[in-house]
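Below: one structure, written as C-alpha cells.
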Amino acid sequence: MSEETVTSTAGQSPPAAEGAAAHRRPGVVLAIVLALQTMLILDVNVVNIALPDLKEALDFTPTGLSWVLSSYLLTFGGLLLLGGRAGDVLGHRRGMLIGVTVFTLSSLLGGFAHSAGMLLAARALQGVGAAVAAPTVLALIATHFTDDTSRARALGLYAAVSGSGAAIGLIGGGLLTDWLSWRWVLFINVPIGVALLITAPMFIHETERKPARFDLGGALTSTVGMTALVYGFIRAAESGWSDALTLGSFALAIVLLALFVLIETHARQPITPLRLFADRNRATGYLSLLFVMAAGNAMFFFLTQFLQEVRGFTPIQAGLAFVPLAALILVASSIAAKALPRVGPRVLTAVGAAAISVGLIWFARITPEAEYLSALLGPMLVAGLGMGTLLVGVTTILMSGIAPEETGAASGLLNVMQQIGGALGLAIMVTVFGAASRAASDEVPSGLDARGTADFVLTEGVTTAFAWGAGFTALTILLTLIMRAVPTGASAAEPAPAPAPAPAPAPEQDANPAREVTAP
C-alpha cells in the first residue's frame, strides 16, 4: 500500500493514477465500499441462524451462547469511536485495509474454533477489526462522491445495505448452516476480505492524514462501561435485579460511562467531540437510531427463535422466511432516497418509525399457532417498509452539516449507535423475555402437553418483547417532533445554506482542478 497522503496544502493531491482510477470507476469504488459495509453488517445475523448447531458443537451453555453475539457487538460498538479517529489520523483507506485484515484473519480463526473460548476470542477480534473498518465507509463515500446526485445515490445504497443486511444475514446463515456447517458463517468472510484487500488499493485514493492523539482512556472507559451495562441486563434476566453481580455491573457501568464523559470533556483530542451533540437534530437523531436498532435487533433474534422452536422451521426455512422483509427494506430505501428532496429526512424518520411500531405491535399479537402467510408475513412487510424509510432519513440527519475534519468521528458515532443499540436492545429484551416467560409458566392453560406448554411460554415471552420494542420505536416518533427541518443539500462547511436536492453535505472544494477530481 502506498504511503502518499493528501495534505491540506493547496495544490497537493494523491498520486495521479490513483485519483484518476477512482474518478473513472466510481461504480467500482461504490461496489468496494458497499461490499465492506455488507460484510460488517451481516456478521451478527449470519451467526444467529447457526446458534443451535454452534451450541451443540462447542458445548455452550444457554447463557454463554448469548455472548457469541455480544462479544462481537460490544468490541465493535465500544471501539468504533477510536476507529473513527484512527481513520482520520491514518487515512481512511489505510484504516479500511487494517480493519479488513484483522476482521478476515479473526473470521478464519473463528471458523477453525474447537472450543467456546476460542470462538468468543475470535468474535471479539472480529469486532476490533470491524471497529476500525466501519467508520471508513461513510467517510470514503463523502470523499469520493462530491456532487449532489452521486452522493445521494451512494447514501441511498448505503442505507439499503445497512437496513437489509440483517435479514440477508439470516438468509445466508440458514443456507450455509443447512448446506455446509456452522463454521461457514465465519469462513464466508475470508474470500470477501481478500477481494477487498486486493481491489481497494487499486481504486480508492487515500484521504488526508491529520496528526492527532489516540484517546485510549475514552476508548477503554466506553468499551468496558458498555460491556458492564449489557452484562448487567443479561445477569438480571438470569438472577434477578437484586443479585449482587447485577447491581455491581450497573454501578460499574455508571461510573465508567460518567468517567468517559469527563475524559471527553477535558481531552485535547477526544474520540467523541461532544460538540456533535450540541446540535439538537443530531442529538435526537443519535437517540432515535439507538432506539430503532434496539427494537430491530431484538425483533430478528426473537422472530428467528419463534420460527424454529415454535413453528418448527428448519434453519434454511427460517432464513428464507425473511426474504420479503429484505426486499421491502431495499425497495423502501430506494423510494425514500428519491422522496428525500421533497419531504425531508425528518418526515421519513417519523414515517419509518411509525411503520416499524405497527409491525411490532402486530407481531405482539401472534399465538403459538400463527401461520407464516396469515400472521407473520404482514408485519414483516410493514416493518421492512419502515426500516428502509427510516434509515435514509436518520442517516441524512446525522451526516448533514458535518465539517470535513470530523467525518470519521461522526460516522463512527453513527455506527456506535447501531451496534450498541443492538447489544443493549437484545440485553433489555432478553430481560423482558425472561420475566414474561417466568410469569407465563405459572399461567399455562389446562390441557397442554409438554410441547404445547413450552410453545405457550416462549410465545408469551416473545410477544412481550415485541411490545416493548414497539415502545422504543414510538419514542423515536416523539423525538422527530422536536427536530428542526433539515436542508437536504446542506454543505459541511456551511451549515445553513439554501436547500438543495441531496441527502448529505458536499465538502467544500479547492480551486485546484486536480484536487477537485481526486480529493475533495
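Chains: A, B, ... in order of the C-alpha cells. Residues: from 1 per chain. Ligands: from 1, in order shown.
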
Tell me, as a PyMOL selection string, which residues lie within 9 Å of range 91-107 of chain A, counting only C-alpha atoms; anything in the same chain fewer than 5 positions away does not count. chain A and resi 1+5-6+36+40+83-84+86+112+121-137+139-140+185-194+196-197+200-201+204-210+408

Please provide the set of residues having any atom within 10 Å of Tyr372 in chain A, restricted to only C-alpha atoms, with same-chain residues fewer than 3 positions apart removed, written as a ChimeraX atom specification. /A:307,311,321,369,375-378,380

Would you put the residues from that selection into a file with N, CA, C and O atoms, as a CSV table (one decimal), in the first residue's frame?
chain,number,residue,atom,x,y,z
A,307,LEU,N,-39.8,-18.9,14.9
A,307,LEU,CA,-39.9,-19.7,13.7
A,307,LEU,C,-39.4,-21.1,13.9
A,307,LEU,O,-40.0,-22.1,13.4
A,311,ARG,N,-42.7,-22.9,15.5
A,311,ARG,CA,-43.3,-23.3,14.3
A,311,ARG,C,-42.5,-24.4,13.6
A,311,ARG,O,-43.0,-24.9,12.5
A,321,ALA,N,-37.6,-17.2,5.1
A,321,ALA,CA,-38.8,-16.5,5.6
A,321,ALA,C,-38.6,-15.0,5.6
A,321,ALA,O,-39.6,-14.2,5.6
A,369,GLU,N,-50.0,-20.9,17.3
A,369,GLU,CA,-50.5,-21.5,16.1
A,369,GLU,C,-50.3,-20.6,14.9
A,369,GLU,O,-50.8,-20.9,13.8
A,375,ALA,N,-50.2,-14.7,9.4
A,375,ALA,CA,-50.0,-13.9,10.7
A,375,ALA,C,-48.6,-13.3,10.8
A,375,ALA,O,-48.4,-12.3,11.6
A,376,LEU,N,-47.6,-13.7,10.0
A,376,LEU,CA,-46.3,-13.3,10.1
A,376,LEU,C,-45.8,-12.4,8.9
A,376,LEU,O,-45.0,-11.5,9.1
A,377,LEU,N,-46.2,-12.8,7.7
A,377,LEU,CA,-45.8,-12.0,6.6
A,377,LEU,C,-46.2,-10.6,6.6
A,377,LEU,O,-45.4,-9.7,6.2
A,378,GLY,N,-47.4,-10.3,7.0
A,378,GLY,CA,-47.9,-8.9,7.0
A,378,GLY,C,-47.0,-8.0,7.9
A,378,GLY,O,-46.5,-7.0,7.4
A,380,MET,N,-44.0,-8.4,8.9
A,380,MET,CA,-42.7,-8.4,8.3
A,380,MET,C,-42.6,-7.3,7.2
A,380,MET,O,-41.7,-6.5,7.2

Using only C-alpha atoms, which protein or nucleic acid residues come within 6 Å of range 425-442 of chain A? Drop anything in the same chain fewer than 2 positions from it, and give the result as an NGL selection string. :A and (230 or 233-234 or 237 or 294 or 298 or 421-423 or 444 or 457 or 461 or 465)

So that I have them on file, write out the residues from the current selection with C-alpha atoms, as a JSON list (two decimals), in the first residue's frame.
[["chain", "number", "residue", "atom", "x", "y", "z"],
["A", 230, "VAL", "CA", -25.01, -5.19, 28.84],
["A", 233, "PHE", "CA", -29.09, -6.73, 31.89],
["A", 234, "ILE", "CA", -28.19, -10.29, 30.90],
["A", 237, "ALA", "CA", -32.53, -11.94, 33.23],
["A", 294, "ALA", "CA", -32.61, -1.81, 19.94],
["A", 298, "ALA", "CA", -34.33, -7.92, 19.19],
["A", 421, "GLY", "CA", -28.23, -0.07, 20.32],
["A", 422, "GLY", "CA", -28.40, -3.66, 19.07],
["A", 423, "ALA", "CA", -26.44, -5.02, 22.04],
["A", 444, "VAL", "CA", -50.30, -22.26, 31.36],
["A", 457, "VAL", "CA", -44.31, -19.95, 27.44],
["A", 461, "GLY", "CA", -42.09, -14.09, 26.27],
["A", 465, "ALA", "CA", -40.55, -8.38, 23.96]]

Which residues are near Phe291 in chain A? Cut-off 12 Å, only C-alpha atoms, ignore same chain within fewer than 6 positions. Put them as a PyMOL selection string. chain A and resi 284-285+297-298+353+356-357+390+394+417-426+428+468-479

Expected answer as a compact mmCIF listing (two decimals) with N, CA and C atoms, in the first residue's frame: alpha helix (DSSP H) residues in range 6-149 of chain A:
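Saved the output as part-v8.txt:
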# COMPACT_ATOMS: atom_id res chain seq x y z
N ALA A 16 -1.49 10.74 -9.18
CA ALA A 16 -2.42 10.98 -10.29
C ALA A 16 -3.13 9.71 -10.74
N ALA A 17 -2.39 8.62 -10.84
CA ALA A 17 -3.01 7.38 -11.31
C ALA A 17 -4.09 6.91 -10.36
N GLU A 18 -3.80 7.03 -9.05
CA GLU A 18 -4.77 6.62 -8.03
C GLU A 18 -6.04 7.44 -8.14
N GLY A 19 -5.88 8.76 -8.22
CA GLY A 19 -7.04 9.64 -8.29
C GLY A 19 -7.81 9.44 -9.58
N ALA A 20 -7.09 9.26 -10.69
CA ALA A 20 -7.77 9.07 -11.97
C ALA A 20 -8.57 7.78 -11.97
N ALA A 21 -8.01 6.71 -11.37
CA ALA A 21 -8.73 5.44 -11.32
C ALA A 21 -10.02 5.59 -10.54
N ALA A 22 -9.96 6.30 -9.42
CA ALA A 22 -11.15 6.50 -8.61
C ALA A 22 -12.19 7.31 -9.37
N HIS A 23 -11.70 8.32 -10.16
CA HIS A 23 -12.62 9.18 -10.88
C HIS A 23 -13.27 8.43 -12.04
N ARG A 24 -12.49 7.59 -12.74
CA ARG A 24 -13.02 6.88 -13.90
C ARG A 24 -13.96 5.75 -13.49
N PRO A 26 -16.19 5.22 -10.61
CA PRO A 26 -16.94 5.46 -9.37
C PRO A 26 -17.81 4.28 -9.00
N GLY A 27 -18.30 3.53 -10.01
CA GLY A 27 -19.11 2.36 -9.71
C GLY A 27 -18.32 1.29 -8.98
N VAL A 28 -17.04 1.13 -9.36
CA VAL A 28 -16.19 0.14 -8.68
C VAL A 28 -15.90 0.59 -7.25
N VAL A 29 -15.63 1.88 -7.08
CA VAL A 29 -15.39 2.41 -5.73
C VAL A 29 -16.61 2.16 -4.85
N LEU A 30 -17.78 2.46 -5.37
CA LEU A 30 -19.00 2.26 -4.60
C LEU A 30 -19.21 0.79 -4.28
N ALA A 31 -18.92 -0.09 -5.24
CA ALA A 31 -19.07 -1.53 -5.00
C ALA A 31 -18.14 -2.00 -3.89
N ILE A 32 -16.91 -1.49 -3.87
CA ILE A 32 -15.96 -1.88 -2.83
C ILE A 32 -16.44 -1.42 -1.46
N VAL A 33 -16.86 -0.18 -1.38
CA VAL A 33 -17.30 0.37 -0.10
C VAL A 33 -18.55 -0.35 0.41
N LEU A 34 -19.50 -0.62 -0.49
CA LEU A 34 -20.72 -1.31 -0.08
C LEU A 34 -20.46 -2.77 0.25
N ALA A 35 -19.49 -3.40 -0.41
CA ALA A 35 -19.12 -4.78 -0.06
C ALA A 35 -18.58 -4.83 1.36
N LEU A 36 -17.79 -3.84 1.73
CA LEU A 36 -17.29 -3.77 3.10
C LEU A 36 -18.44 -3.61 4.09
N GLN A 37 -19.35 -2.67 3.81
CA GLN A 37 -20.48 -2.46 4.70
C GLN A 37 -21.34 -3.72 4.81
N THR A 38 -21.53 -4.41 3.70
CA THR A 38 -22.32 -5.64 3.71
C THR A 38 -21.67 -6.70 4.59
N MET A 39 -20.37 -6.90 4.44
CA MET A 39 -19.67 -7.90 5.23
C MET A 39 -19.79 -7.61 6.72
N LEU A 40 -19.66 -6.35 7.09
CA LEU A 40 -19.71 -5.98 8.51
C LEU A 40 -21.12 -6.09 9.08
N ILE A 41 -22.11 -5.65 8.32
CA ILE A 41 -23.47 -5.61 8.84
C ILE A 41 -24.09 -7.01 8.89
N LEU A 42 -23.63 -7.91 8.02
CA LEU A 42 -24.16 -9.27 8.01
C LEU A 42 -23.69 -10.10 9.20
N ASP A 43 -22.56 -9.73 9.77
CA ASP A 43 -21.86 -10.67 10.63
C ASP A 43 -22.65 -11.07 11.87
N VAL A 44 -23.41 -10.16 12.44
CA VAL A 44 -24.19 -10.53 13.63
C VAL A 44 -25.27 -11.53 13.26
N ASN A 45 -26.04 -11.23 12.22
CA ASN A 45 -27.22 -12.03 11.93
C ASN A 45 -26.94 -13.31 11.17
N VAL A 46 -25.82 -13.36 10.44
CA VAL A 46 -25.49 -14.60 9.76
C VAL A 46 -25.17 -15.69 10.79
N VAL A 47 -24.73 -15.28 11.97
CA VAL A 47 -24.44 -16.23 13.05
C VAL A 47 -25.71 -16.65 13.78
N ASN A 48 -26.74 -15.80 13.77
CA ASN A 48 -27.98 -16.07 14.51
C ASN A 48 -28.56 -17.44 14.20
N LEU A 51 -26.76 -20.60 15.63
CA LEU A 51 -26.54 -20.73 17.08
C LEU A 51 -26.89 -22.12 17.63
N PRO A 52 -28.01 -22.74 17.25
CA PRO A 52 -28.29 -24.09 17.79
C PRO A 52 -27.19 -25.10 17.45
N ASP A 53 -26.73 -25.12 16.19
CA ASP A 53 -25.65 -26.04 15.81
C ASP A 53 -24.35 -25.71 16.54
N LEU A 54 -24.08 -24.44 16.64
CA LEU A 54 -22.86 -23.98 17.29
C LEU A 54 -22.86 -24.36 18.78
N LYS A 55 -24.01 -24.22 19.42
CA LYS A 55 -24.15 -24.57 20.84
C LYS A 55 -23.82 -26.03 21.07
N GLU A 56 -24.34 -26.89 20.20
CA GLU A 56 -24.09 -28.33 20.36
C GLU A 56 -22.65 -28.69 20.07
N ALA A 57 -22.06 -28.06 19.05
CA ALA A 57 -20.70 -28.41 18.64
C ALA A 57 -19.66 -28.01 19.66
N LEU A 58 -19.84 -26.85 20.31
CA LEU A 58 -18.81 -26.32 21.22
C LEU A 58 -19.25 -26.32 22.68
N PRO A 62 -26.68 -22.10 27.71
CA PRO A 62 -27.61 -21.12 27.13
C PRO A 62 -27.18 -19.68 27.37
N THR A 63 -26.65 -19.40 28.57
CA THR A 63 -26.18 -18.04 28.86
C THR A 63 -24.93 -17.71 28.05
N GLY A 64 -24.01 -18.63 28.00
CA GLY A 64 -22.77 -18.41 27.26
C GLY A 64 -23.01 -18.18 25.79
N LEU A 65 -24.05 -18.82 25.26
CA LEU A 65 -24.33 -18.68 23.84
C LEU A 65 -24.65 -17.24 23.44
N SER A 66 -25.28 -16.49 24.34
CA SER A 66 -25.61 -15.10 24.01
C SER A 66 -24.36 -14.25 23.78
N TRP A 67 -23.24 -14.66 24.36
CA TRP A 67 -22.01 -13.89 24.19
C TRP A 67 -21.39 -14.07 22.81
N VAL A 68 -21.85 -15.07 22.05
CA VAL A 68 -21.38 -15.19 20.67
C VAL A 68 -21.77 -13.94 19.88
N LEU A 69 -22.94 -13.39 20.19
CA LEU A 69 -23.36 -12.14 19.58
C LEU A 69 -22.77 -10.94 20.32
N SER A 70 -22.86 -10.97 21.65
CA SER A 70 -22.48 -9.80 22.44
C SER A 70 -20.99 -9.48 22.36
N SER A 71 -20.13 -10.52 22.32
CA SER A 71 -18.68 -10.26 22.28
C SER A 71 -18.30 -9.49 21.02
N TYR A 72 -19.00 -9.75 19.92
CA TYR A 72 -18.75 -9.01 18.68
C TYR A 72 -19.34 -7.60 18.76
N LEU A 73 -20.59 -7.51 19.19
CA LEU A 73 -21.25 -6.21 19.21
C LEU A 73 -20.55 -5.24 20.15
N LEU A 74 -20.08 -5.73 21.28
CA LEU A 74 -19.52 -4.82 22.28
C LEU A 74 -18.14 -4.30 21.88
N THR A 75 -17.28 -5.17 21.34
CA THR A 75 -15.98 -4.66 20.88
C THR A 75 -16.15 -3.80 19.63
N PHE A 76 -17.08 -4.19 18.78
CA PHE A 76 -17.38 -3.39 17.59
C PHE A 76 -17.88 -2.01 18.00
N GLY A 77 -18.95 -1.98 18.78
CA GLY A 77 -19.52 -0.70 19.17
C GLY A 77 -18.64 0.09 20.11
N GLY A 78 -17.99 -0.60 21.05
CA GLY A 78 -17.18 0.12 22.04
C GLY A 78 -15.94 0.76 21.47
N LEU A 79 -15.36 0.18 20.43
CA LEU A 79 -14.13 0.71 19.85
C LEU A 79 -14.35 1.50 18.57
N LEU A 80 -15.61 1.63 18.15
CA LEU A 80 -15.88 2.36 16.93
C LEU A 80 -15.44 3.82 17.00
N LEU A 81 -15.59 4.43 18.16
CA LEU A 81 -15.20 5.83 18.29
C LEU A 81 -13.70 5.99 18.08
N LEU A 82 -12.93 5.07 18.64
CA LEU A 82 -11.48 5.09 18.42
C LEU A 82 -11.17 4.78 16.95
N GLY A 83 -11.95 3.85 16.37
CA GLY A 83 -11.75 3.52 14.96
C GLY A 83 -12.02 4.70 14.05
N GLY A 84 -13.03 5.49 14.39
CA GLY A 84 -13.31 6.69 13.59
C GLY A 84 -12.15 7.67 13.62
N ARG A 85 -11.55 7.85 14.81
CA ARG A 85 -10.39 8.72 14.92
C ARG A 85 -9.19 8.14 14.18
N ALA A 86 -9.03 6.81 14.22
CA ALA A 86 -7.91 6.17 13.54
C ALA A 86 -7.96 6.45 12.04
N GLY A 87 -9.17 6.45 11.46
CA GLY A 87 -9.29 6.74 10.04
C GLY A 87 -8.87 8.16 9.72
N ASP A 88 -9.21 9.10 10.61
CA ASP A 88 -8.81 10.49 10.39
C ASP A 88 -7.29 10.63 10.48
N VAL A 89 -6.68 9.92 11.42
CA VAL A 89 -5.24 10.05 11.66
C VAL A 89 -4.41 9.31 10.61
N LEU A 90 -4.81 8.08 10.29
CA LEU A 90 -4.02 7.23 9.41
C LEU A 90 -4.39 7.40 7.93
N HIS A 92 -8.30 7.24 5.59
CA HIS A 92 -9.43 6.33 5.64
C HIS A 92 -9.20 5.05 4.83
N ARG A 93 -8.46 5.13 3.74
CA ARG A 93 -8.17 3.90 3.02
C ARG A 93 -7.27 2.99 3.84
N ARG A 94 -6.26 3.57 4.48
CA ARG A 94 -5.35 2.77 5.30
C ARG A 94 -6.11 2.14 6.47
N GLY A 95 -7.00 2.92 7.09
CA GLY A 95 -7.81 2.37 8.18
C GLY A 95 -8.68 1.23 7.71
N MET A 96 -9.26 1.38 6.53
CA MET A 96 -10.08 0.31 5.96
C MET A 96 -9.27 -0.98 5.79
N LEU A 97 -8.07 -0.87 5.23
CA LEU A 97 -7.25 -2.05 4.97
C LEU A 97 -6.81 -2.72 6.27
N ILE A 98 -6.46 -1.94 7.29
CA ILE A 98 -6.08 -2.52 8.58
C ILE A 98 -7.26 -3.27 9.19
N GLY A 99 -8.43 -2.61 9.19
CA GLY A 99 -9.61 -3.24 9.78
C GLY A 99 -10.01 -4.50 9.06
N VAL A 100 -10.00 -4.48 7.72
CA VAL A 100 -10.38 -5.66 6.95
C VAL A 100 -9.41 -6.80 7.20
N THR A 101 -8.13 -6.50 7.34
CA THR A 101 -7.14 -7.54 7.61
C THR A 101 -7.43 -8.24 8.93
N VAL A 102 -7.66 -7.46 9.99
CA VAL A 102 -7.96 -8.05 11.30
C VAL A 102 -9.26 -8.85 11.25
N PHE A 103 -10.27 -8.30 10.59
CA PHE A 103 -11.57 -8.96 10.51
C PHE A 103 -11.46 -10.28 9.76
N THR A 104 -10.72 -10.30 8.67
CA THR A 104 -10.59 -11.51 7.86
C THR A 104 -9.85 -12.60 8.60
N LEU A 105 -8.73 -12.25 9.24
CA LEU A 105 -7.95 -13.25 9.97
C LEU A 105 -8.72 -13.80 11.16
N SER A 106 -9.47 -12.94 11.87
CA SER A 106 -10.23 -13.43 13.02
C SER A 106 -11.42 -14.30 12.58
N SER A 107 -11.98 -14.02 11.40
CA SER A 107 -13.04 -14.87 10.86
C SER A 107 -12.49 -16.26 10.56
N LEU A 108 -11.29 -16.31 10.00
CA LEU A 108 -10.65 -17.60 9.74
C LEU A 108 -10.40 -18.35 11.04
N LEU A 109 -9.92 -17.64 12.06
CA LEU A 109 -9.69 -18.26 13.37
C LEU A 109 -10.99 -18.80 13.96
N GLY A 110 -12.06 -18.02 13.88
CA GLY A 110 -13.34 -18.46 14.42
C GLY A 110 -13.88 -19.68 13.70
N GLY A 111 -13.69 -19.74 12.40
CA GLY A 111 -14.16 -20.90 11.65
C GLY A 111 -13.48 -22.18 12.06
N ALA A 116 -15.35 -23.14 23.05
CA ALA A 116 -16.15 -21.93 23.21
C ALA A 116 -15.27 -20.71 23.41
N GLY A 117 -14.21 -20.85 24.21
CA GLY A 117 -13.33 -19.72 24.47
C GLY A 117 -12.63 -19.23 23.22
N MET A 118 -12.21 -20.15 22.37
CA MET A 118 -11.53 -19.77 21.13
C MET A 118 -12.49 -19.02 20.20
N LEU A 119 -13.73 -19.48 20.14
CA LEU A 119 -14.69 -18.79 19.28
C LEU A 119 -15.00 -17.39 19.80
N LEU A 120 -15.20 -17.25 21.12
CA LEU A 120 -15.51 -15.94 21.68
C LEU A 120 -14.34 -14.97 21.48
N ALA A 121 -13.12 -15.47 21.60
CA ALA A 121 -11.96 -14.62 21.36
C ALA A 121 -11.93 -14.15 19.90
N ALA A 122 -12.24 -15.06 18.97
CA ALA A 122 -12.27 -14.70 17.56
C ALA A 122 -13.37 -13.68 17.28
N ARG A 123 -14.53 -13.87 17.90
CA ARG A 123 -15.63 -12.93 17.69
C ARG A 123 -15.28 -11.54 18.22
N ALA A 124 -14.61 -11.49 19.38
CA ALA A 124 -14.19 -10.20 19.92
C ALA A 124 -13.18 -9.52 18.98
N LEU A 125 -12.26 -10.30 18.42
CA LEU A 125 -11.29 -9.74 17.47
C LEU A 125 -11.98 -9.28 16.19
N GLN A 126 -13.00 -10.02 15.76
CA GLN A 126 -13.78 -9.54 14.62
C GLN A 126 -14.34 -8.15 14.90
N GLY A 127 -14.83 -7.96 16.11
CA GLY A 127 -15.36 -6.66 16.48
C GLY A 127 -14.31 -5.57 16.43
N VAL A 128 -13.08 -5.90 16.83
CA VAL A 128 -11.99 -4.91 16.77
C VAL A 128 -11.73 -4.51 15.32
N GLY A 129 -11.63 -5.50 14.42
CA GLY A 129 -11.42 -5.20 13.01
C GLY A 129 -12.55 -4.39 12.42
N ALA A 130 -13.77 -4.77 12.77
CA ALA A 130 -14.93 -4.03 12.27
C ALA A 130 -14.94 -2.59 12.78
N ALA A 131 -14.50 -2.39 14.02
CA ALA A 131 -14.49 -1.05 14.60
C ALA A 131 -13.54 -0.12 13.86
N VAL A 132 -12.46 -0.65 13.32
CA VAL A 132 -11.52 0.17 12.56
C VAL A 132 -12.03 0.40 11.14
N ALA A 133 -12.64 -0.64 10.54
CA ALA A 133 -13.04 -0.55 9.13
C ALA A 133 -14.35 0.20 8.93
N PRO A 135 -16.06 2.80 10.29
CA PRO A 135 -16.17 4.26 10.15
C PRO A 135 -15.65 4.81 8.83
N THR A 136 -14.85 4.01 8.13
CA THR A 136 -14.30 4.49 6.86
C THR A 136 -15.34 4.48 5.74
N VAL A 137 -16.44 3.74 5.93
CA VAL A 137 -17.41 3.59 4.83
C VAL A 137 -18.02 4.93 4.45
N LEU A 138 -18.65 5.60 5.41
CA LEU A 138 -19.28 6.89 5.11
C LEU A 138 -18.24 7.95 4.77
N ALA A 139 -17.06 7.87 5.43
CA ALA A 139 -16.02 8.85 5.14
C ALA A 139 -15.54 8.73 3.69
N LEU A 140 -15.37 7.49 3.21
CA LEU A 140 -14.94 7.29 1.83
C LEU A 140 -16.03 7.70 0.84
N ILE A 141 -17.29 7.49 1.19
CA ILE A 141 -18.38 7.98 0.34
C ILE A 141 -18.31 9.50 0.24
N ALA A 142 -18.08 10.15 1.39
CA ALA A 142 -18.03 11.61 1.41
C ALA A 142 -16.90 12.16 0.56
N THR A 143 -15.75 11.47 0.52
CA THR A 143 -14.59 11.99 -0.19
C THR A 143 -14.50 11.55 -1.64
N HIS A 144 -15.24 10.50 -2.04
CA HIS A 144 -15.18 10.02 -3.42
C HIS A 144 -16.40 10.42 -4.24
N ASP A 148 -23.92 16.38 -5.72
CA ASP A 148 -25.16 16.05 -5.04
C ASP A 148 -25.79 14.77 -5.54
N THR A 149 -25.82 14.57 -6.86
CA THR A 149 -26.52 13.41 -7.42
C THR A 149 -25.83 12.11 -7.05

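Shortest atom-to-atom contact with Leu348 in chain A among A:Leu448, A:Leu229, A:Ala336, A:Leu414: A:Ala336, counting only C-alpha atoms.
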
With only C-alpha atoms as the atoms that count, which of A:Val261, A:Met226, A:Leu360, A:Ala50 lies nearest to Trp182 in chain A?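 The closest residue to Trp182 in chain A is A:Ala50.
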
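The shell of residues at most 9 Å from Asp455 in chain A, with only C-alpha atoms counted and near chain neighbours (fewer than 4 positions) removed, consists of Phe306, Glu309, Val310, Arg311, Pro368, Ala450, Arg451, Thr459 and Glu460 of chain A.
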
Contacts of Ala364 in chain A within 7 Å, only C-alpha atoms, excl. fewer than 6 positions in-chain, as a PyMOL selection string: chain A and resi 463-464+466-467

Would you export the selected residues with N, CA and C atoms as a short mmCIF file (atom, residue, chain, number, x, y, z; two decimals), in the first residue's frame, please?
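Resulting contents of part.cif:
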data_model
loop_
_atom_site.label_atom_id
_atom_site.label_comp_id
_atom_site.auth_asym_id
_atom_site.auth_seq_id
_atom_site.Cartn_x
_atom_site.Cartn_y
_atom_site.Cartn_z
N THR A 463 -43.79 -12.28 22.50
CA THR A 463 -44.75 -11.22 22.21
C THR A 463 -44.60 -10.04 23.17
N THR A 464 -44.24 -10.32 24.42
CA THR A 464 -43.99 -9.22 25.36
C THR A 464 -42.78 -8.40 24.92
N PHE A 466 -41.74 -8.04 21.85
CA PHE A 466 -42.16 -7.26 20.68
C PHE A 466 -42.89 -5.99 21.12
N ALA A 467 -43.75 -6.11 22.12
CA ALA A 467 -44.50 -4.94 22.60
C ALA A 467 -43.55 -3.87 23.15
#
